[in-house]
Each structure stands twice: as structure tokens, then as C-alpha cells.
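*Asks:* Data: my_file37.pdb, PDB, C-alpha atoms, pLDDT in the B column.
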```pdb
ATOM      1  CA  MET A1137      34.272 -30.031  12.488  1.00 60.00           C
ATOM      2  CA  TRP A1138      35.663 -29.079   9.068  1.00 64.00           C
ATOM      3  CA  ASP A1139      34.989 -32.580   7.758  1.00 68.00           C
ATOM      4  CA  PHE A1140      31.389 -32.334   8.967  1.00 63.00           C
ATOM      5  CA  LEU A1141      30.938 -28.922   7.354  1.00 66.00           C
ATOM      6  CA  GLY A1142      32.397 -30.226   4.114  1.00 68.00           C
ATOM      7  CA  ASP A1143      30.137 -33.272   4.054  1.00 71.00           C
ATOM      8  CA  GLN A1144      26.991 -31.332   5.008  1.00 76.00           C
ATOM      9  CA  TYR A1145      27.776 -28.138   3.067  1.00 75.00           C
ATOM     10  CA  GLU A1146      24.780 -28.242   0.737  1.00 82.00           C
ATOM     11  CA  GLN A1147      22.343 -29.251   3.480  1.00 82.00           C
ATOM     12  CA  ILE A1148      23.625 -26.476   5.755  1.00 82.00           C
ATOM     13  CA  LEU A1149      23.114 -23.855   3.033  1.00 87.00           C
ATOM     14  CA  PHE A1150      19.641 -25.161   2.227  1.00 90.00           C
ATOM     15  CA  SER A1151      18.596 -25.275   5.898  1.00 88.00           C
ATOM     16  CA  SER A1152      20.040 -21.791   6.440  1.00 89.00           C
ATOM     17  CA  TRP A1153      17.974 -20.439   3.568  1.00 93.00           C
ATOM     18  CA  GLN A1154      14.852 -22.174   4.909  1.00 92.00           C
ATOM     19  CA  HIS A1155      15.500 -20.751   8.375  1.00 92.00           C
ATOM     20  CA  PHE A1156      16.092 -17.225   7.093  1.00 94.00           C
ATOM     21  CA  SER A1157      13.067 -17.388   4.792  1.00 94.00           C
ATOM     22  CA  LEU A1158      10.800 -18.643   7.601  1.00 93.00           C
ATOM     23  CA  VAL A1159      11.836 -15.812   9.916  1.00 95.00           C
ATOM     24  CA  VAL A1160      11.568 -13.068   7.275  1.00 96.00           C
ATOM     25  CA  GLN A1161       8.144 -14.188   6.046  1.00 95.00           C
ATOM     26  CA  CYS A1162       6.829 -14.466   9.607  1.00 95.00           C
ATOM     27  CA  LEU A1163       8.255 -11.014  10.401  1.00 96.00           C
ATOM     28  CA  ILE A1164       6.422  -9.491   7.437  1.00 96.00           C
ATOM     29  CA  LEU A1165       3.180 -11.188   8.481  1.00 96.00           C
ATOM     30  CA  ALA A1166       3.693 -10.152  12.112  1.00 96.00           C
ATOM     31  CA  THR A1167       4.400  -6.536  11.141  1.00 96.00           C
ATOM     32  CA  VAL A1168       1.188  -6.288   9.144  1.00 96.00           C
ATOM     33  CA  ILE A1169      -0.870  -7.836  11.958  1.00 96.00           C
ATOM     34  CA  ALA A1170       0.774  -5.708  14.660  1.00 95.00           C
ATOM     35  CA  VAL A1171       0.420  -2.403  12.793  1.00 95.00           C
ATOM     36  CA  VAL A1172      -3.237  -3.078  11.958  1.00 95.00           C
ATOM     37  CA  LEU A1173      -4.012  -3.969  15.582  1.00 94.00           C
ATOM     38  CA  ALA A1174      -2.105  -0.943  16.859  1.00 94.00           C
ATOM     39  CA  ALA A1175      -3.983   1.347  14.461  1.00 92.00           C
ATOM     40  CA  LEU A1176      -7.264  -0.004  15.823  1.00 92.00           C
ATOM     41  CA  VAL A1177      -6.465   0.422  19.526  1.00 91.00           C
ATOM     42  CA  TYR A1178      -3.987   3.273  20.019  1.00 90.00           C
ATOM     43  CA  ARG A1179      -6.635   6.001  20.315  1.00 86.00           C
ATOM     44  CA  ASN A1180      -8.332   4.209  23.222  1.00 86.00           C
ATOM     45  CA  SER A1181      -6.398   4.013  26.503  1.00 85.00           C
ATOM     46  CA  ALA A1182      -8.270   0.911  27.667  1.00 88.00           C
ATOM     47  CA  PHE A1183      -7.560  -0.998  24.447  1.00 89.00           C
ATOM     48  CA  THR A1184      -3.964   0.239  24.530  1.00 90.00           C
ATOM     49  CA  GLY A1185      -3.549  -1.228  28.006  1.00 89.00           C
ATOM     50  CA  ILE A1186      -5.021  -4.535  26.860  1.00 90.00           C
ATOM     51  CA  ALA A1187      -2.669  -4.659  23.856  1.00 90.00           C
ATOM     52  CA  ASN A1188       0.364  -3.977  26.053  1.00 89.00           C
ATOM     53  CA  SER A1189      -0.748  -6.613  28.563  1.00 91.00           C
ATOM     54  CA  VAL A1190      -1.248  -9.204  25.830  1.00 89.00           C
ATOM     55  CA  SER A1191       2.213  -8.402  24.471  1.00 90.00           C
ATOM     56  CA  ALA A1192       3.805  -8.821  27.893  1.00 90.00           C
ATOM     57  CA  ILE A1193       1.899 -11.968  28.877  1.00 92.00           C
ATOM     58  CA  GLY A1194       2.371 -13.597  25.475  1.00 90.00           C
ATOM     59  CA  LEU A1195       6.143 -13.406  25.813  1.00 89.00           C
ATOM     60  CA  THR A1196       5.999 -15.494  29.001  1.00 91.00           C
ATOM     61  CA  ILE A1197       4.576 -18.513  27.141  1.00 90.00           C
ATOM     62  CA  PRO A1198       7.313 -21.157  26.668  1.00 89.00           C
ATOM     63  CA  SER A1199       7.814 -21.536  22.913  1.00 87.00           C
ATOM     64  CA  PHE A1200       8.645 -25.244  23.224  1.00 85.00           C
ATOM     65  CA  ALA A1201       5.390 -25.930  25.085  1.00 87.00           C
ATOM     66  CA  PHE A1202       3.422 -23.864  22.570  1.00 90.00           C
ATOM     67  CA  ILE A1203       4.814 -25.942  19.706  1.00 89.00           C
ATOM     68  CA  GLY A1204       3.937 -29.136  21.547  1.00 87.00           C
ATOM     69  CA  LEU A1205       0.343 -27.986  22.002  1.00 89.00           C
ATOM     70  CA  LEU A1206       0.015 -27.181  18.284  1.00 89.00           C
ATOM     71  CA  ILE A1207       1.339 -30.535  17.123  1.00 87.00           C
ATOM     72  CA  ALA A1208      -1.768 -32.356  18.399  1.00 84.00           C
ATOM     73  CA  PRO A1209      -4.350 -30.475  16.273  1.00 88.00           C
ATOM     74  CA  LEU A1210      -2.099 -29.487  13.343  1.00 87.00           C
ATOM     75  CA  GLY A1211       0.398 -32.317  13.117  1.00 84.00           C
ATOM     76  CA  PHE A1212       4.082 -32.047  12.293  1.00 85.00           C
ATOM     77  CA  GLY A1213       5.453 -29.798   9.586  1.00 82.00           C
ATOM     78  CA  VAL A1214       5.621 -26.175   8.531  1.00 87.00           C
ATOM     79  CA  VAL A1215       2.241 -24.952   9.823  1.00 90.00           C
ATOM     80  CA  PRO A1216       2.973 -25.190  13.587  1.00 90.00           C
ATOM     81  CA  ALA A1217       6.372 -23.594  13.024  1.00 90.00           C
ATOM     82  CA  VAL A1218       4.875 -20.652  11.122  1.00 93.00           C
ATOM     83  CA  ILE A1219       2.154 -20.083  13.733  1.00 94.00           C
ATOM     84  CA  VAL A1220       4.602 -20.123  16.646  1.00 94.00           C
ATOM     85  CA  VAL A1221       7.187 -17.876  14.982  1.00 94.00           C
ATOM     86  CA  ALA A1222       4.570 -15.408  13.717  1.00 95.00           C
ATOM     87  CA  PHE A1223       2.869 -15.296  17.125  1.00 95.00           C
ATOM     88  CA  PHE A1224       6.033 -14.443  19.038  1.00 95.00           C
ATOM     89  CA  ALA A1225       7.182 -12.056  16.301  1.00 95.00           C
ATOM     90  CA  THR A1226       3.969 -10.045  16.580  1.00 95.00           C
ATOM     91  CA  LEU A1227       4.267  -9.250  20.292  1.00 94.00           C
ATOM     92  CA  PRO A1228       7.261  -6.846  20.425  1.00 95.00           C
ATOM     93  CA  ILE A1229       6.160  -5.149  17.200  1.00 96.00           C
ATOM     94  CA  LEU A1230       2.636  -4.624  18.551  1.00 95.00           C
ATOM     95  CA  ARG A1231       3.956  -3.049  21.721  1.00 94.00           C
ATOM     96  CA  ASN A1232       6.261  -0.688  19.851  1.00 95.00           C
ATOM     97  CA  ALA A1233       3.617   0.193  17.275  1.00 95.00           C
ATOM     98  CA  VAL A1234       1.178   1.181  20.021  1.00 94.00           C
ATOM     99  CA  VAL A1235       3.860   3.237  21.790  1.00 92.00           C
ATOM    100  CA  GLY A1236       4.945   4.902  18.557  1.00 91.00           C
ATOM    101  CA  LEU A1237       1.453   5.864  17.414  1.00 92.00           C
ATOM    102  CA  SER A1238       0.378   6.973  20.892  1.00 89.00           C
ATOM    103  CA  GLY A1239       3.431   9.189  21.263  1.00 88.00           C
ATOM    104  CA  ILE A1240       2.638  11.457  18.318  1.00 88.00           C
ATOM    105  CA  ALA A1241       1.682  14.947  19.459  1.00 86.00           C
ATOM    106  CA  PRO A1242      -2.071  15.653  19.054  1.00 84.00           C
ATOM    107  CA  SER A1243      -1.231  19.034  17.529  1.00 87.00           C
ATOM    108  CA  ILE A1244       0.410  17.314  14.557  1.00 87.00           C
ATOM    109  CA  VAL A1245      -2.681  15.179  13.944  1.00 85.00           C
ATOM    110  CA  GLU A1246      -4.931  18.215  14.306  1.00 86.00           C
ATOM    111  CA  SER A1247      -2.824  20.140  11.791  1.00 88.00           C
ATOM    112  CA  ALA A1248      -3.151  17.313   9.274  1.00 85.00           C
ATOM    113  CA  ARG A1249      -6.890  17.127   9.790  1.00 82.00           C
ATOM    114  CA  GLY A1250      -7.077  20.919   9.542  1.00 85.00           C
ATOM    115  CA  ILE A1251      -5.753  20.911   5.987  1.00 87.00           C
ATOM    116  CA  GLY A1252      -8.433  18.454   4.932  1.00 83.00           C
ATOM    117  CA  MET A1253      -6.747  15.076   5.362  1.00 85.00           C
ATOM    118  CA  SER A1254      -9.051  12.223   6.315  1.00 83.00           C
ATOM    119  CA  ARG A1255      -8.390  10.135   9.424  1.00 84.00           C
ATOM    120  CA  PHE A1256      -7.101   7.215   7.326  1.00 86.00           C
ATOM    121  CA  ARG A1257      -4.880   9.477   5.224  1.00 87.00           C
ATOM    122  CA  THR A1258      -3.524  11.120   8.370  1.00 88.00           C
ATOM    123  CA  LEU A1259      -2.671   7.711   9.785  1.00 87.00           C
ATOM    124  CA  LEU A1260      -1.055   6.551   6.549  1.00 86.00           C
ATOM    125  CA  GLN A1261       0.889   9.669   5.577  1.00 85.00           C
ATOM    126  CA  VAL A1262       1.612  11.366   8.921  1.00 88.00           C
ATOM    127  CA  GLU A1263       1.342   9.074  11.926  1.00 89.00           C
ATOM    128  CA  LEU A1264       2.811   5.848  10.566  1.00 90.00           C
ATOM    129  CA  PRO A1265       5.904   7.525   9.034  1.00 89.00           C
ATOM    130  CA  MET A1266       6.546   9.323  12.323  1.00 90.00           C
ATOM    131  CA  ALA A1267       6.086   6.120  14.334  1.00 91.00           C
ATOM    132  CA  TRP A1268       8.097   4.000  11.894  1.00 92.00           C
ATOM    133  CA  PRO A1269      11.502   4.269  13.681  1.00 92.00           C
ATOM    134  CA  ILE A1270       9.942   2.939  16.899  1.00 93.00           C
ATOM    135  CA  ILE A1271       8.075   0.222  14.990  1.00 95.00           C
ATOM    136  CA  LEU A1272      11.304  -0.764  13.241  1.00 95.00           C
ATOM    137  CA  THR A1273      13.051  -1.066  16.599  1.00 94.00           C
ATOM    138  CA  GLY A1274      10.344  -3.545  17.603  1.00 95.00           C
ATOM    139  CA  ILE A1275      10.907  -5.439  14.359  1.00 96.00           C
ATOM    140  CA  ARG A1276      14.639  -5.671  15.076  1.00 95.00           C
ATOM    141  CA  VAL A1277      14.018  -6.958  18.601  1.00 95.00           C
ATOM    142  CA  SER A1278      11.470  -9.405  17.261  1.00 96.00           C
ATOM    143  CA  ALA A1279      13.840 -10.629  14.530  1.00 95.00           C
ATOM    144  CA  GLN A1280      16.566 -11.518  17.030  1.00 94.00           C
ATOM    145  CA  MET A1281      14.094 -13.263  19.316  1.00 94.00           C
ATOM    146  CA  VAL A1282      12.298 -15.363  16.718  1.00 94.00           C
ATOM    147  CA  MET A1283      15.530 -16.381  14.999  1.00 94.00           C
ATOM    148  CA  GLY A1284      16.109 -18.577  18.044  1.00 91.00           C
ATOM    149  CA  ILE A1285      12.462 -19.581  18.358  1.00 92.00           C
ATOM    150  CA  ALA A1286      12.519 -20.758  14.730  1.00 91.00           C
ATOM    151  CA  ALA A1287      15.272 -23.193  15.722  1.00 89.00           C
ATOM    152  CA  VAL A1288      13.104 -24.535  18.554  1.00 88.00           C
ATOM    153  CA  ALA A1289      10.229 -24.854  16.067  1.00 86.00           C
ATOM    154  CA  ALA A1290      12.205 -27.583  14.305  1.00 82.00           C
ATOM    155  CA  TYR A1291      10.862 -29.884  17.027  1.00 78.00           C
ATOM    156  CA  SER A1292       7.684 -30.032  14.935  1.00 78.00           C
ATOM    157  CA  LEU A1293       9.829 -31.008  11.929  1.00 74.00           C
ATOM    158  CA  GLY A1294       9.625 -27.459  10.652  1.00 75.00           C
ATOM    159  CA  PRO A1295      12.248 -26.012   8.302  1.00 81.00           C
ATOM    160  CA  GLY A1296      15.536 -24.483   9.354  1.00 81.00           C
ATOM    161  CA  LEU A1297      18.749 -25.036  11.241  1.00 84.00           C
ATOM    162  CA  GLY A1298      17.000 -26.383  14.321  1.00 84.00           C
ATOM    163  CA  GLY A1299      17.089 -29.802  12.700  1.00 81.00           C
ATOM    164  CA  PHE A1300      20.866 -29.911  13.174  1.00 81.00           C
ATOM    165  CA  ILE A1301      20.482 -28.969  16.833  1.00 83.00           C
ATOM    166  CA  PHE A1302      17.827 -31.571  17.667  1.00 82.00           C
ATOM    167  CA  SER A1303      19.575 -34.210  15.586  1.00 80.00           C
ATOM    168  CA  GLY A1304      22.816 -33.663  17.487  1.00 77.00           C
ATOM    169  CA  LEU A1305      21.126 -33.559  20.890  1.00 80.00           C
ATOM    170  CA  SER A1306      19.225 -36.790  20.180  1.00 77.00           C
ATOM    171  CA  ARG A1307      22.489 -38.694  19.710  1.00 77.00           C
ATOM    172  CA  LEU A1308      24.744 -36.703  22.039  1.00 74.00           C
ATOM    173  CA  GLY A1309      28.003 -38.573  22.541  1.00 70.00           C
ATOM    174  CA  GLY A1310      27.773 -40.191  19.119  1.00 70.00           C
ATOM    175  CA  ALA A1311      29.670 -39.396  15.957  1.00 72.00           C
ATOM    176  CA  ASN A1312      29.389 -35.756  14.818  1.00 72.00           C
ATOM    177  CA  SER A1313      26.702 -34.998  17.425  1.00 76.00           C
ATOM    178  CA  LEU A1314      28.530 -32.005  18.891  1.00 80.00           C
ATOM    179  CA  GLU A1315      29.434 -30.759  15.414  1.00 81.00           C
ATOM    180  CA  SER A1316      25.776 -30.918  14.400  1.00 81.00           C
ATOM    181  CA  VAL A1317      24.661 -28.896  17.436  1.00 83.00           C
ATOM    182  CA  LEU A1318      27.395 -26.285  16.952  1.00 87.00           C
ATOM    183  CA  THR A1319      26.532 -25.945  13.276  1.00 85.00           C
ATOM    184  CA  GLY A1320      22.920 -25.175  14.113  1.00 83.00           C
ATOM    185  CA  VAL A1321      23.730 -22.764  16.956  1.00 89.00           C
ATOM    186  CA  ILE A1322      26.439 -20.828  15.114  1.00 90.00           C
ATOM    187  CA  GLY A1323      24.322 -20.727  11.967  1.00 90.00           C
ATOM    188  CA  VAL A1324      21.407 -19.175  13.866  1.00 93.00           C
ATOM    189  CA  VAL A1325      23.691 -16.512  15.371  1.00 94.00           C
ATOM    190  CA  VAL A1326      25.179 -15.640  11.971  1.00 94.00           C
ATOM    191  CA  LEU A1327      21.740 -15.378  10.360  1.00 94.00           C
ATOM    192  CA  ALA A1328      20.544 -13.157  13.222  1.00 94.00           C
ATOM    193  CA  LEU A1329      23.462 -10.773  12.648  1.00 95.00           C
ATOM    194  CA  ILE A1330      22.851 -10.689   8.896  1.00 95.00           C
ATOM    195  CA  LEU A1331      19.143  -9.979   9.337  1.00 95.00           C
ATOM    196  CA  ASP A1332      19.840  -7.201  11.846  1.00 95.00           C
ATOM    197  CA  LEU A1333      22.243  -5.520   9.409  1.00 96.00           C
ATOM    198  CA  LEU A1334      19.603  -5.734   6.686  1.00 95.00           C
ATOM    199  CA  LEU A1335      17.017  -4.158   8.997  1.00 95.00           C
ATOM    200  CA  VAL A1336      19.419  -1.340   9.860  1.00 93.00           C
ATOM    201  CA  GLY A1337      19.798  -0.685   6.140  1.00 93.00           C
ATOM    202  CA  LEU A1338      16.022  -0.836   5.697  1.00 92.00           C
ATOM    203  CA  GLY A1339      15.664   1.779   8.427  1.00 89.00           C
ATOM    204  CA  ARG A1340      18.040   4.137   6.665  1.00 88.00           C
ATOM    205  CA  LEU A1341      16.164   3.720   3.393  1.00 89.00           C
ATOM    206  CA  THR A1342      12.611   4.014   4.746  1.00 86.00           C
ATOM    207  CA  THR A1343      12.889   6.527   7.590  1.00 82.00           C
ATOM    208  CA  PRO A1344      12.038  10.065   6.400  1.00 73.00           C
ATOM    209  CA  ARG A1345      15.120  12.245   6.416  1.00 73.00           C
ATOM    210  CA  GLY A1346      13.597  14.881   8.689  1.00 69.00           C
ATOM    211  CA  ILE A1347      12.762  12.283  11.333  1.00 68.00           C
ATOM    212  CA  ARG A1348      16.182  10.605  10.981  1.00 59.00           C
ATOM    213  CA  VAL A1349      17.960  13.911  11.511  1.00 51.00           C
TER     214      VAL A1349
END
```
Before anything else, please render the file you have as C-alpha cells.

*Replies:*
Amino acid sequence: MWDFLGDQYEQILFSSWQHFSLVVQCLILATVIAVVLAALVYRNSAFTGIANSVSAIGLTIPSFAFIGLLIAPLGFGVVPAVIVVAFFATLPILRNAVVGLSGIAPSIVESARGIGMSRFRTLLQVELPMAWPIILTGIRVSAQMVMGIAAVAAYSLGPGLGGFIFSGLSRLGGANSLESVLTGVIGVVVLALILDLLLVGLGRLTTPRGIRV
């Protein structure tokens, strides 16, 4: 194992960075999409129900099958991996964003409107900051989930540590096959822990002190 790590050291670091970068960029994209969608639907109970149903049903789609379906029209490479990771990343964040925005007391919104704040300004300066801890919880859940999905996305020759896993599985029983699989699996777990710690720190920096207390 140590010999394999020594020989593949540079490739492991490069693939780890690709994996981490893919997940973080897809998380940012998913957060923007989820918050915008939640802001559009949370005031309407029917649309809120639809958003929650889509979030729940979407998570039942097998990620491996989804990647396979995208390979036919889009080919191999980064694009199918980004679409799959961003899609699954959006679902938990959307659900939490809807819950967070819907849970704000109407009296708080009315008070903001009463002092002359527009609906958009109320959303931006009052509702979103108050809902942010719940949204961030969704982001943390999503980050852990898609860290593994990003490894599966390597089936489409996407970037990341999944290449080590599929390479080892394809020649299981051969030289360094088990070491390759373990490198990919352990690397994904370590990256997931690092990202979660970073998100905890982000929460401490971005959550208003009054809400945190």
C-alpha cells in the first residue's frame, strides 16, 4: 500500500484536488439554484409541496443510472459529472431552504414591511439571514452525499478520485487493484471530513450572532 501511495503520490493529490473542486463548485451552483427556487415557491403552499416532492423523488434516482443516461447525449467527460453532482446537490438544499423560509414568523416579515422595506429587501436582509442556518445544514448534508456521488461520476471519465476506484475494480485480483480501490475510498472519506469542517467554519462566520446565540 505504501509503495502504491509513493508511486502514485502526485496523481492522488491531483485527483483529490479535482474531486474537491468538482464538489465545491457544484455545491455553489446548487445553492444558488436551490435558494432561488425556494424564494419563488415558499409563499405558496401548493408550490412548496411540489418542491418537497421533487426533492424527495429526485433522491430515489440511482446516480449510476443517471450518469449512464447522460453519456448517450453528452458523451464522456466533465459535463455529465457536473450535471449529476449538481442535480443531487440541489435536492437537500432546496428542501431545507423551503423549510427555513417557510418557518419564519409572519410577524417578523410584517414588521420589516412596516418600516418600508420592499419584498425583495425583506427577503434579502431579513428572511434569508434567518433561514441561513437551516439552509447551511442542507448544504452540509448535500456535501457529504455528493462527495460519494462524484466518485461514481468517474464512470463517465469525469474528474476525481473515482478513477482509482473504477480502475481497481476493473482489474480486481491484479497487481495494486485493492490498493487503488482503497486509495479512492479513503480519499473520498477524508475529503468529505475536510469539507464538513470548512462548512462548520463558514457557518460560524456567516450566521448572525443573534441567531447563533

*Asks:* Give the answer as one residue: which of A:Ser1292, A:Gln1144, A:Ser1303, A:Asn1188 has the shortest atom-to-atom distance to Leu1230 (chain A), using only C-alpha atoms?

*Replies:*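 Looking only at the distances to Leu1230 (chain A), the closest residue turns out to be A:Asn1188.
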
*Asks:* For the provided coordinates, the residues matched by the PyMOL selection byres ((chain A and resi 1298) around 10) should be stated as a list in words.

*Replies:* Ser1151, Ser1152, His1155, Gly1284, Ile1285, Ala1286, Ala1287, Val1288, Ala1289, Ala1290, Tyr1291, Leu1293, Gly1294, Pro1295, Gly1296, Leu1297, Gly1299, Phe1300, Ile1301, Phe1302, Ser1303, Gly1304, Ser1316, Val1317, Thr1319, Gly1320, Val1321, Gly1323 and Val1324 of chain A

*Asks:* Tell me, as an MDAnalysis selection string, which residues lie within 12 Å of Ala1174 (chain A), counting all atoms listed in the file; anything in the same chain fewer than 2 positions away does not count.

*Replies:* chainID A and resid 1166:1172 1176:1181 1183:1188 1191 1226:1238 1259 1263:1264 1267 1271

*Asks:* When you draw a straight line from CA of Thr1342 (chain A) to CA of Ser1278 (chain A), how long is it in Å?

*Replies:* 18.4 Å

*Asks:* Which neighbours of Ile1330 (chain A) fall inside 12 Å, counting only C-alpha atoms, when residues of the same chain fewer than 6 positions from it are skipped, and could you give them as a PyMOL selection string?

*Replies:* chain A and resi 1152+1156+1160+1276+1279-1280+1283+1323-1324+1336-1337

*Asks:* Please determine, counting all atoms listed in the file, which residue among A:Val1220, A:Ile1251, A:Ala1182, A:Ile1240 has the shortest atom-to-atom distance to Pro1198 (chain A).

*Replies:*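 With all atoms listed in the file as the atom set, the closest residue is A:Val1220.
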
*Asks:* Please determine, counting all atoms listed in the file, which residue among A:Met1266, A:Ile1148, A:Leu1341, A:Leu1206 has the shortest atom-to-atom distance to Val1218 (chain A).

*Replies:* A:Leu1206

*Asks:* Please report the interatomic distance between CA of Ile1322 (chain A) and CA of Trp1153 (chain A) in Å with one decimal.

*Replies:*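 We find that CA of Ile1322 (chain A) and CA of Trp1153 (chain A) lie 14.3 Å from each other.
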
*Asks:* Quick one: pull the distance between CA of Ile1219 (chain A) and CA of Gln1154 (chain A), Å, one decimal.

*Replies:*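 CA of Gln1154 (chain A) lies at a distance of 15.6 Å from CA of Ile1219 (chain A).
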
*Asks:* Of the residues A:Cys1162, A:Trp1268, A:Ser1189, A:Gln1261, which is the one nearest to Val1214 (chain A), using only C-alpha atoms?

*Replies:*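 Looking only at the distances to Val1214 (chain A), the closest residue turns out to be A:Cys1162.
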
*Asks:* Can you pull out the residues contacting Ile1207 (chain A)? Cut-off 9 Å, using all atoms listed in the file, and skip same-chain residues under 5 positions away; I want them as a short mmCIF file (atom, residue, chain, number, x, y, z; two decimals) with C-alpha atoms, keeping the file's coordinate frame.

*Replies:*
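Okay, around_19.cif is ready:
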```cif
data_model
loop_
_atom_site.label_atom_id
_atom_site.label_comp_id
_atom_site.auth_asym_id
_atom_site.auth_seq_id
_atom_site.Cartn_x
_atom_site.Cartn_y
_atom_site.Cartn_z
CA PHE A 1202 3.42 -23.86 22.57
CA PHE A 1212 4.08 -32.05 12.29
CA GLY A 1213 5.45 -29.80 9.59
CA PRO A 1216 2.97 -25.19 13.59
CA SER A 1292 7.68 -30.03 14.94
#
```

*Asks:* Report as a short mmCIF file (atom, residue, chain, number, x, y, z; two decimals) with C-alpha atoms, in the frame of the given file the full result of the PyMOL selection byres ((chain A and resi 1258) around 10) when it is applied to this structure.

*Replies:*
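New file out-v8.cif:
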```cif
data_model
loop_
_atom_site.label_atom_id
_atom_site.label_comp_id
_atom_site.auth_asym_id
_atom_site.auth_seq_id
_atom_site.Cartn_x
_atom_site.Cartn_y
_atom_site.Cartn_z
CA ILE A 1244 0.41 17.31 14.56
CA VAL A 1245 -2.68 15.18 13.94
CA GLU A 1246 -4.93 18.22 14.31
CA SER A 1247 -2.82 20.14 11.79
CA ALA A 1248 -3.15 17.31 9.27
CA ARG A 1249 -6.89 17.13 9.79
CA GLY A 1252 -8.43 18.45 4.93
CA MET A 1253 -6.75 15.08 5.36
CA SER A 1254 -9.05 12.22 6.32
CA ARG A 1255 -8.39 10.14 9.42
CA PHE A 1256 -7.10 7.22 7.33
CA ARG A 1257 -4.88 9.48 5.22
CA LEU A 1259 -2.67 7.71 9.78
CA LEU A 1260 -1.06 6.55 6.55
CA GLN A 1261 0.89 9.67 5.58
CA VAL A 1262 1.61 11.37 8.92
CA GLU A 1263 1.34 9.07 11.93
CA LEU A 1264 2.81 5.85 10.57
#
```

*Asks:* Suppose a student applies the PyMOL selection byres ((chain A and resi 1195) around 10) to this structure; what residues should they get, written as JSON, numbers by chain?

*Replies:* {"A": [1190, 1191, 1192, 1193, 1194, 1196, 1197, 1198, 1199, 1223, 1224, 1225, 1227, 1228]}

*Asks:* Mind giving me the axis-aligned box for region 1156-1166 of chain A with 4 Å on every side, centre plus edges in Å to one decimal, as lines of an AutoDock Vina configuration file?

*Replies:*
```
center_x = 9.6
center_y = -14.1
center_z = 8.5
size_x = 20.9
size_y = 17.2
size_z = 15.3
```
